[in-house]
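Asker: Quick one, query-v7.csv (CSV, C-alpha atoms and all ligand atoms):
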```csv
chain,number,residue,atom,x,y,z
A,1,MET,CA,45.0,164.7,195.9
A,2,ALA,CA,48.2,164.8,197.9
A,3,GLU,CA,48.9,168.6,197.5
A,4,GLN,CA,49.0,169.1,201.3
A,5,ARG,CA,51.2,172.2,201.7
A,6,ARG,CA,50.0,172.5,205.3
A,7,PRO,CA,52.3,172.0,208.3
A,8,LEU,CA,52.4,168.2,208.9
A,9,VAL,CA,52.5,168.7,212.6
A,10,SER,CA,51.9,171.8,214.8
A,11,HIS,CA,52.6,170.5,218.4
A,12,ILE,CA,56.3,171.0,217.9
A,13,PHE,CA,58.4,173.0,215.5
A,14,THR,CA,60.1,170.8,212.8
A,15,ALA,CA,62.4,171.6,209.9
A,16,ASP,CA,64.8,170.0,207.4
A,17,PRO,CA,62.6,167.1,206.5
A,18,SER,CA,64.3,164.0,205.0
A,19,ALA,CA,61.5,161.8,203.7
A,20,HIS,CA,61.8,158.1,202.9
A,21,VAL,CA,59.5,155.2,202.1
A,22,PHE,CA,60.2,152.1,204.2
A,23,ASN,CA,57.8,149.1,203.9
A,24,ASP,CA,55.3,151.2,202.0
A,25,LYS,CA,55.0,153.7,204.8
A,26,ILE,CA,56.3,157.3,204.8
A,27,TYR,CA,58.9,158.3,207.4
A,28,ILE,CA,60.1,161.9,207.8
A,29,TYR,CA,63.4,162.6,209.7
A,30,PRO,CA,63.3,166.3,210.6
A,31,SER,CA,65.2,168.7,212.9
A,32,HIS,CA,63.3,169.6,216.0
A,33,ASP,CA,63.4,173.4,216.5
A,34,ILE,CA,63.5,174.7,220.0
A,35,PRO,CA,61.6,178.0,220.5
A,36,HIS,CA,63.5,180.8,222.3
A,37,ASP,CA,63.7,184.6,222.2
A,38,GLY,CA,67.4,184.9,221.2
A,39,GLU,CA,68.4,186.7,218.0
A,40,ASP,CA,69.5,185.2,214.7
A,41,ASN,CA,73.1,185.4,213.4
A,42,ASP,CA,75.1,184.2,210.5
A,43,ASP,CA,76.5,181.4,212.5
A,44,GLY,CA,73.1,179.9,213.1
A,45,ASP,CA,73.3,180.1,216.9
A,46,GLU,CA,69.5,180.4,216.9
A,47,TYR,CA,69.3,176.7,215.9
A,48,ARG,CA,69.7,175.1,219.3
A,49,MET,CA,68.2,171.6,218.6
A,50,GLU,CA,68.8,168.9,221.1
A,51,ASP,CA,67.0,165.8,219.8
A,52,TYR,CA,65.1,164.1,217.0
A,53,HIS,CA,61.5,163.1,216.7
A,54,ILE,CA,60.6,160.9,213.7
A,55,LEU,CA,57.3,161.5,212.0
A,56,SER,CA,55.4,158.9,210.0
A,57,MET,CA,52.3,158.6,207.8
A,58,ASP,CA,50.5,155.5,206.7
A,59,ASN,CA,50.0,157.2,203.3
A,60,LEU,CA,50.0,160.8,202.1
A,61,GLU,CA,46.5,161.6,203.2
A,62,ALA,CA,46.9,160.0,206.6
A,63,GLU,CA,47.5,161.8,209.9
A,64,CYS,CA,51.2,162.6,210.5
A,65,VAL,CA,52.3,160.9,213.7
A,66,ASP,CA,55.1,162.0,216.0
A,67,ASN,CA,56.8,158.8,217.2
A,68,GLY,CA,58.5,160.6,220.2
A,69,GLU,CA,62.1,161.2,221.0
A,70,ALA,CA,64.3,158.9,218.9
A,71,LEU,CA,67.7,160.3,220.0
A,72,HIS,CA,68.8,163.0,222.4
A,73,MET,CA,72.1,164.9,222.5
A,74,LYS,CA,72.8,163.7,226.1
A,75,ASP,CA,73.1,160.2,224.8
A,76,VAL,CA,75.8,161.0,222.2
A,77,PRO,CA,79.2,161.1,223.9
A,78,TRP,CA,81.0,163.3,221.3
A,79,VAL,CA,78.3,166.0,220.9
A,80,SER,CA,78.4,169.4,222.6
A,81,LYS,CA,75.4,171.1,220.9
A,82,GLN,CA,73.2,171.8,217.9
A,83,MET,CA,71.9,168.6,216.4
A,84,TRP,CA,70.9,169.9,213.0
A,85,ALA,CA,69.4,168.4,209.8
A,86,PRO,CA,69.4,164.6,209.8
A,87,ASP,CA,68.8,161.9,207.3
A,88,ALA,CA,68.2,158.1,207.4
A,89,ALA,CA,68.9,155.0,205.4
A,90,TYR,CA,68.1,151.3,205.5
A,91,LYS,CA,70.5,148.6,204.6
A,92,ASN,CA,71.3,145.1,205.8
A,93,GLY,CA,68.2,144.9,208.0
A,94,ILE,CA,69.3,148.0,210.0
A,95,TYR,CA,68.0,151.6,210.0
A,96,TYR,CA,70.7,154.3,210.2
A,97,LEU,CA,70.2,157.8,211.4
A,98,TYR,CA,72.8,160.3,210.2
A,99,PHE,CA,73.1,163.6,212.0
A,100,PRO,CA,75.4,166.7,212.3
A,101,ALA,CA,76.3,168.3,215.6
A,102,ARG,CA,79.2,170.2,217.1
A,103,ASP,CA,81.8,168.1,218.8
A,104,LYS,CA,83.4,169.1,222.1
A,105,ASP,CA,85.7,171.5,220.2
A,106,GLY,CA,82.8,173.3,218.6
A,107,ILE,CA,83.5,171.7,215.2
A,108,PHE,CA,80.5,170.3,213.2
A,109,ARG,CA,80.9,166.6,212.4
A,110,ILE,CA,78.6,163.9,211.1
A,111,GLY,CA,77.4,161.1,213.4
A,112,VAL,CA,75.5,157.9,213.0
A,113,ALA,CA,73.1,155.9,215.1
A,114,THR,CA,71.4,152.6,214.5
A,115,SER,CA,68.1,150.9,215.2
A,116,ASP,CA,66.0,147.9,214.1
A,117,SER,CA,63.0,150.3,213.8
A,118,PRO,CA,62.7,153.2,211.4
A,119,VAL,CA,61.4,155.4,214.3
A,120,GLY,CA,64.1,154.4,216.7
A,121,PRO,CA,65.1,154.6,219.5
A,122,PHE,CA,68.5,155.0,217.8
A,123,LYS,CA,71.8,153.9,219.5
A,124,PRO,CA,74.6,156.3,218.6
A,125,GLU,CA,78.2,155.3,217.8
A,126,GLU,CA,80.7,156.4,220.4
A,127,ASN,CA,82.4,158.8,218.1
A,128,TYR,CA,81.6,160.8,215.0
A,129,MET,CA,82.3,159.3,211.5
A,130,GLN,CA,86.1,159.8,211.2
A,131,GLY,CA,87.1,162.3,208.5
A,132,THR,CA,83.7,163.9,208.2
A,133,PHE,CA,83.0,167.6,208.9
A,134,SER,CA,80.3,170.3,208.3
A,135,ILE,CA,76.5,169.7,208.3
A,136,ASP,CA,73.4,168.4,206.5
A,137,PRO,CA,74.1,164.7,205.8
A,138,ALA,CA,72.0,163.1,203.1
A,139,VAL,CA,72.6,159.4,202.3
A,140,PHE,CA,71.7,157.8,199.0
A,141,VAL,CA,71.7,154.1,198.4
A,142,ASP,CA,72.1,153.4,194.7
A,143,ASP,CA,70.4,150.5,192.8
A,144,ASP,CA,73.6,148.5,193.0
A,145,GLY,CA,73.6,148.8,196.9
A,146,ARG,CA,76.5,151.2,197.1
A,147,ALA,CA,75.8,154.1,199.5
A,148,TYR,CA,77.0,157.7,199.4
A,149,LEU,CA,77.1,160.4,202.0
A,150,TYR,CA,76.5,164.0,200.7
A,151,ASN,CA,76.9,166.9,203.1
A,152,GLY,CA,78.1,170.4,203.7
A,153,GLY,CA,76.9,173.9,204.6
A,154,LEU,CA,78.6,177.4,204.4
A,155,TRP,CA,78.8,179.9,207.3
A,156,GLY,CA,77.3,178.3,210.4
A,157,GLY,CA,77.9,174.9,208.7
A,158,GLN,CA,81.7,175.6,208.5
A,159,LEU,CA,82.2,174.2,205.0
A,160,GLU,CA,84.4,177.1,204.0
A,161,LYS,CA,86.7,176.4,206.9
A,162,TRP,CA,87.8,173.1,205.4
A,163,LYS,CA,89.0,174.3,202.0
A,164,THR,CA,92.5,173.0,202.6
A,165,GLY,CA,91.4,169.7,204.0
A,166,LYS,CA,92.2,170.9,207.6
A,167,PHE,CA,90.0,173.0,209.9
A,168,ASP,CA,90.9,176.6,209.6
A,169,PRO,CA,88.9,178.7,212.0
A,170,ASN,CA,89.5,181.8,209.8
A,171,GLY,CA,88.6,180.0,206.5
A,172,SER,CA,86.3,182.0,204.3
A,173,GLU,CA,84.3,181.6,201.1
A,174,ASN,CA,86.3,181.9,197.9
A,175,ALA,CA,86.5,185.2,196.0
A,176,LYS,CA,83.4,185.9,193.9
A,177,ASP,CA,85.2,185.1,190.6
A,178,GLU,CA,86.7,181.8,191.9
A,179,PRO,CA,84.9,178.4,191.8
A,180,GLU,CA,82.6,177.9,194.7
A,181,VAL,CA,83.5,175.7,197.7
A,182,GLY,CA,81.6,172.6,196.7
A,183,PRO,CA,79.7,170.2,199.0
A,184,MET,CA,81.2,166.9,200.1
A,185,VAL,CA,80.6,163.4,198.9
A,186,GLY,CA,82.1,160.1,200.1
A,187,GLU,CA,81.1,156.5,199.5
A,188,LEU,CA,80.1,154.7,202.7
A,189,ALA,CA,81.6,151.4,203.7
A,190,GLU,CA,79.5,148.2,203.6
A,191,ASN,CA,78.7,148.7,207.4
A,192,MET,CA,77.3,152.2,206.6
A,193,LEU,CA,79.1,153.5,209.7
A,194,GLU,CA,82.2,155.0,208.1
A,195,LEU,CA,83.6,156.4,204.9
A,196,LYS,CA,85.0,153.8,202.6
A,197,GLY,CA,87.7,156.0,201.0
A,198,SER,CA,87.9,159.5,199.6
A,199,TYR,CA,85.7,162.4,200.8
A,200,ASP,CA,85.7,165.0,198.0
A,201,HIS,CA,84.3,168.4,197.1
A,202,ILE,CA,81.6,167.9,194.4
A,203,LYS,CA,81.9,169.9,191.2
A,204,ILE,CA,78.7,171.7,190.0
A,205,LEU,CA,79.1,173.0,186.4
A,206,ASP,CA,77.4,175.7,184.4
A,207,GLU,CA,76.0,175.3,180.9
A,208,ASN,CA,79.6,175.8,179.5
A,209,GLY,CA,81.1,173.1,181.6
A,210,LYS,CA,82.8,175.6,184.0
A,211,GLU,CA,82.5,175.3,187.7
A,212,ILE,CA,79.8,177.5,189.3
A,213,LEU,CA,81.5,180.6,190.8
A,214,ALA,CA,81.4,181.6,194.4
A,215,GLY,CA,79.8,184.9,193.5
A,216,ASP,CA,77.0,183.3,191.5
A,217,GLU,CA,74.6,183.3,194.5
A,218,ASN,CA,71.6,182.3,192.5
A,219,ARG,CA,73.3,178.9,191.7
A,220,ARG,CA,76.2,178.3,194.0
A,221,TYR,CA,75.9,175.6,196.7
A,222,PHE,CA,75.1,176.8,200.2
A,223,GLU,CA,73.7,173.8,202.2
A,224,ASP,CA,71.0,171.1,202.2
A,225,PRO,CA,72.2,168.5,199.7
A,226,TRP,CA,69.9,165.7,198.4
A,227,MET,CA,70.3,163.0,195.8
A,228,HIS,CA,67.6,161.2,193.9
A,229,LYS,CA,67.7,159.1,190.7
A,230,TYR,CA,65.2,159.8,187.9
A,231,ASN,CA,65.2,157.9,184.6
A,232,GLY,CA,68.7,156.7,185.2
A,233,LYS,CA,70.1,160.2,185.9
A,234,TYR,CA,71.5,161.5,189.2
A,235,TYR,CA,69.7,164.6,190.4
A,236,PHE,CA,71.8,166.6,193.0
A,237,SER,CA,69.6,169.3,194.6
A,238,TYR,CA,70.5,171.9,197.2
A,239,SER,CA,69.8,175.3,198.8
A,240,THR,CA,71.4,178.5,197.5
A,241,GLY,CA,71.2,180.0,201.0
A,242,THR,CA,71.5,183.7,200.6
A,243,THR,CA,69.2,183.8,197.6
A,244,HIS,CA,66.8,181.2,199.2
A,245,PHE,CA,66.2,178.9,196.2
A,246,LEU,CA,66.1,175.1,196.1
A,247,VAL,CA,67.9,174.2,192.8
A,248,TYR,CA,69.2,171.1,191.1
A,249,ALA,CA,72.0,169.8,188.9
A,250,VAL,CA,72.1,166.5,187.0
A,251,GLY,CA,74.9,164.0,186.2
A,252,ASP,CA,75.7,160.5,185.1
A,253,SER,CA,77.5,159.4,188.3
A,254,PRO,CA,76.5,159.6,191.9
A,255,VAL,CA,79.7,161.5,192.7
A,256,GLY,CA,79.3,164.1,190.0
A,257,PRO,CA,80.2,166.3,188.3
A,258,PHE,CA,76.6,167.7,188.0
A,259,THR,CA,75.4,170.3,185.6
A,260,TYR,CA,73.1,173.0,186.9
A,261,GLN,CA,69.6,172.8,185.5
A,262,GLY,CA,67.3,175.2,187.4
A,263,LYS,CA,65.0,175.9,190.3
A,264,ILE,CA,62.9,173.5,192.2
A,265,LEU,CA,61.3,175.8,194.7
A,266,GLU,CA,61.0,179.6,194.9
A,267,PRO,CA,61.8,181.2,198.4
A,268,VAL,CA,59.5,180.3,201.3
A,269,LEU,CA,58.7,182.4,204.4
A,270,GLY,CA,61.8,182.3,206.6
A,271,TRP,CA,65.5,182.5,205.9
A,272,THR,CA,66.3,178.8,205.4
A,273,THR,CA,65.0,176.5,202.8
A,274,HIS,CA,65.6,172.8,203.1
A,275,HIS,CA,64.2,169.7,201.3
A,276,SER,CA,64.1,166.1,200.3
A,277,ILE,CA,62.6,164.3,197.3
A,278,MET,CA,60.7,161.0,197.6
A,279,GLU,CA,58.9,158.7,195.2
A,280,TYR,CA,55.7,157.2,196.5
A,281,HIS,CA,53.4,155.0,194.4
A,282,GLY,CA,54.7,156.3,191.1
A,283,LYS,CA,54.6,160.0,191.9
A,284,TRP,CA,57.3,162.3,193.2
A,285,TYR,CA,57.1,164.6,196.2
A,286,LEU,CA,59.0,167.5,197.6
A,287,PHE,CA,59.3,167.8,201.4
A,288,TYR,CA,60.4,171.2,202.6
A,289,HIS,CA,59.8,173.7,205.5
A,290,ASP,CA,58.7,177.2,206.0
A,291,CYS,CA,57.8,179.4,209.0
A,292,GLU,CA,54.1,179.5,208.5
A,293,LEU,CA,53.1,178.5,212.0
A,294,SER,CA,55.4,181.1,213.7
A,295,LYS,CA,54.6,183.7,211.0
A,296,GLY,CA,58.2,184.0,210.0
A,297,ILE,CA,60.4,183.3,213.0
A,298,ASN,CA,63.5,181.7,211.4
A,299,HIS,CA,64.1,179.1,214.0
A,300,ARG,CA,60.5,178.1,214.5
A,301,ARG,CA,59.8,176.1,211.3
A,302,ASN,CA,57.3,173.5,210.2
A,303,VAL,CA,57.6,170.7,207.6
A,304,LYS,CA,55.3,170.3,204.6
A,305,TYR,CA,55.1,168.5,201.3
A,306,THR,CA,53.8,169.0,197.8
A,307,GLU,CA,53.9,167.1,194.5
A,308,LEU,CA,57.0,167.5,192.3
A,309,LYS,CA,56.5,167.2,188.6
A,310,TYR,CA,58.9,166.6,185.7
A,311,ARG,CA,58.6,167.5,182.1
A,312,GLU,CA,59.1,164.9,179.3
A,313,ASP,CA,62.8,166.0,179.0
A,314,GLY,CA,63.4,165.2,182.7
A,315,SER,CA,63.5,168.9,183.8
A,316,ILE,CA,61.7,169.8,187.0
A,317,ILE,CA,58.8,172.2,187.0
A,318,THR,CA,59.6,175.0,189.5
A,319,ILE,CA,57.2,175.1,192.4
A,320,GLU,CA,55.7,178.4,193.7
A,321,PRO,CA,55.2,177.7,197.4
A,322,TYR,CA,52.2,179.9,197.9
A,323,LYS,CA,50.3,179.8,194.6
A,401,LIG,O1,68.3,173.4,210.8
A,401,LIG,C1,69.6,174.0,210.9
A,401,LIG,C2,70.1,174.4,209.6
A,401,LIG,O2,69.2,175.3,208.9
A,401,LIG,C3,70.2,173.2,208.6
A,401,LIG,O3,71.3,172.4,208.9
A,401,LIG,C4,70.3,174.0,207.3
A,401,LIG,O4,70.2,173.2,206.2
A,401,LIG,C5,69.1,175.0,207.5
A,401,LIG,O5,67.9,174.4,207.2
```
Can you present the structure in this file as structure tokens?
Answerer:
Amino acid sequence: MAEQRRPLVSHIFTADPSAHVFNDKIYIYPSHDIPHDGEDNDDGDEYRMEDYHILSMDNLEAECVDNGEALHMKDVPWVSKQMWAPDAAYKNGIYYLYFPARDKDGIFRIGVATSDSPVGPFKPEENYMQGTFSIDPAVFVDDDGRAYLYNGGLWGGQLEKWKTGKFDPNGSENAKDEPEVGPMVGELAENMLELKGSYDHIKILDENGKEILAGDENRRYFEDPWMHKYNGKYYFSYSTGTTHFLVYAVGDSPVGPFTYQGKILEPVLGWTTHHSIMEYHGKWYLFYHDCELSKGINHRRNVKYTELKYREDGSIITIEPYK
């Protein structure tokens, strides 16, 4: 039961699924890939998304429903293009949609929009969240009600251009024997619309307590952060990008540091791999995407899910996507 692993919808291309349970129903916040015949490049120009459609399921065996357009680029004053991987959160009776996009200067920022319904329509704030940059927001609300924004992505996601705290159009990844450029974390203010204070690079450590190196491409952070809590520990998971793994690191605080543990998912069909982790009725599930429907076209992706299992010691059993 609940193995799925089939595309959840096939009438549109969807990617980057952020799954949540609100009022015992499953909501998936994906990117909406636009088919075109242009070429791929390292800047991700092939990802030309313009809007968000929110998917929902009454339960894991139910039909997956597309609830229509929830937010379009033309309604967000600060956006110029590329509405990439979103996430959502619920607090204070309001649903929040967090999304990255390029501003009018071509710089990726994180925006937020609100609704009284989990499927929208969402009303965007006039401007992006001040101080934020790069892509792939994931918002985690801890048991004490404090909320945290995680985000960042190398290359097209521009994370390496912010190493000094200022945007450097020529900024590059660190040398292979230097610590990686870590993803970002910042606590959100009570209103969930802005950062409360600091916005810092997360430290991911190896088994010796040393920061993962930029050249360690099987383990270094590339994009796609996610946070979940399991047995009181904070599990920070992400994509390694160039080596196409989903991996995880564990810590005792929502802001890290986190110690690298292992792989969650082996590579899927398509260059990108992107995920979320959700608990539903006492079991855990990995939502992810591949390019099954398009037979491998990188910017025509489809979202899926499968069960995620832990060992007694809290480690995650690596998933083989096609076995
Ligand atoms: O969907 C566009 C980008 O591809 C996302 O922001 C990345 O995480 C990758 O999935």
Asker: Give as number ranges by chain the residues surrounding ligand LIG 401 (chain A) up to a distance of 7 Å, considering all atoms listed in the file.
Answerer: A: 15-16, 31, 47, 84-85, 135-136, 153, 223-224, 272-274
Asker: Those selected residues, please, written with C-alpha atoms and delivered as a short mmCIF file (atom, residue, chain, number, x, y, z; two decimals), in the coordinates of the input.
Answerer:
```
data_model
loop_
_atom_site.label_atom_id
_atom_site.label_comp_id
_atom_site.auth_asym_id
_atom_site.auth_seq_id
_atom_site.Cartn_x
_atom_site.Cartn_y
_atom_site.Cartn_z
CA ALA A 15 62.40 171.60 209.90
CA ASP A 16 64.80 170.00 207.40
CA SER A 31 65.20 168.70 212.90
CA TYR A 47 69.30 176.70 215.90
CA TRP A 84 70.90 169.90 213.00
CA ALA A 85 69.40 168.40 209.80
CA ILE A 135 76.50 169.70 208.30
CA ASP A 136 73.40 168.40 206.50
CA GLY A 153 76.90 173.90 204.60
CA GLU A 223 73.70 173.80 202.20
CA ASP A 224 71.00 171.10 202.20
CA THR A 272 66.30 178.80 205.40
CA THR A 273 65.00 176.50 202.80
CA HIS A 274 65.60 172.80 203.10
#
```
Asker: Got a sec: who's within 9 Å of Pro267 in chain A, counting only C-alpha atoms, leaving out chain neighbours fewer than 4 positions off, as a PyMOL selection string?
Answerer: chain A and resi 243-246+271-273+320-321
Asker: Keeping only C-alpha atoms, take the residues you just selected and write them out as a PDB file, in the frame of the given file.
Answerer:
```
ATOM      1  CA  THR A 243      69.200 183.800 197.600  1.00  0.00           C
ATOM      2  CA  HIS A 244      66.800 181.200 199.200  1.00  0.00           C
ATOM      3  CA  PHE A 245      66.200 178.900 196.200  1.00  0.00           C
ATOM      4  CA  LEU A 246      66.100 175.100 196.100  1.00  0.00           C
ATOM      5  CA  TRP A 271      65.500 182.500 205.900  1.00  0.00           C
ATOM      6  CA  THR A 272      66.300 178.800 205.400  1.00  0.00           C
ATOM      7  CA  THR A 273      65.000 176.500 202.800  1.00  0.00           C
ATOM      8  CA  GLU A 320      55.700 178.400 193.700  1.00  0.00           C
ATOM      9  CA  PRO A 321      55.200 177.700 197.400  1.00  0.00           C
TER      10      PRO A 321
END
```
Asker: Rank A:Phe122, A:Phe22, A:Tyr128, A:Trp226 by their smallest atom-to-atom distance to Val250 in chain A, using all atoms listed in the file, and report the top residue only.
Answerer: A:Trp226
Asker: Would you mind reading off the distance between CA of Gly68 in chain A and CA of Thr306 in chain A, one decimal, in Å?
Answerer: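 That distance, rounded to one decimal, is 24.4 Å.
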Asker: As a PyMOL selection string, please: the residues near Gly296 in chain A (cut-off 8 Å, only C-alpha atoms, same-chain neighbours under 5 positions excluded).
Answerer: chain A and resi 269-270+290-291
Asker: At what distance in Å, to one decimal, does CA of Lys81 in chain A lie from CA of Pro7 in chain A?
Answerer: 26.3 Å
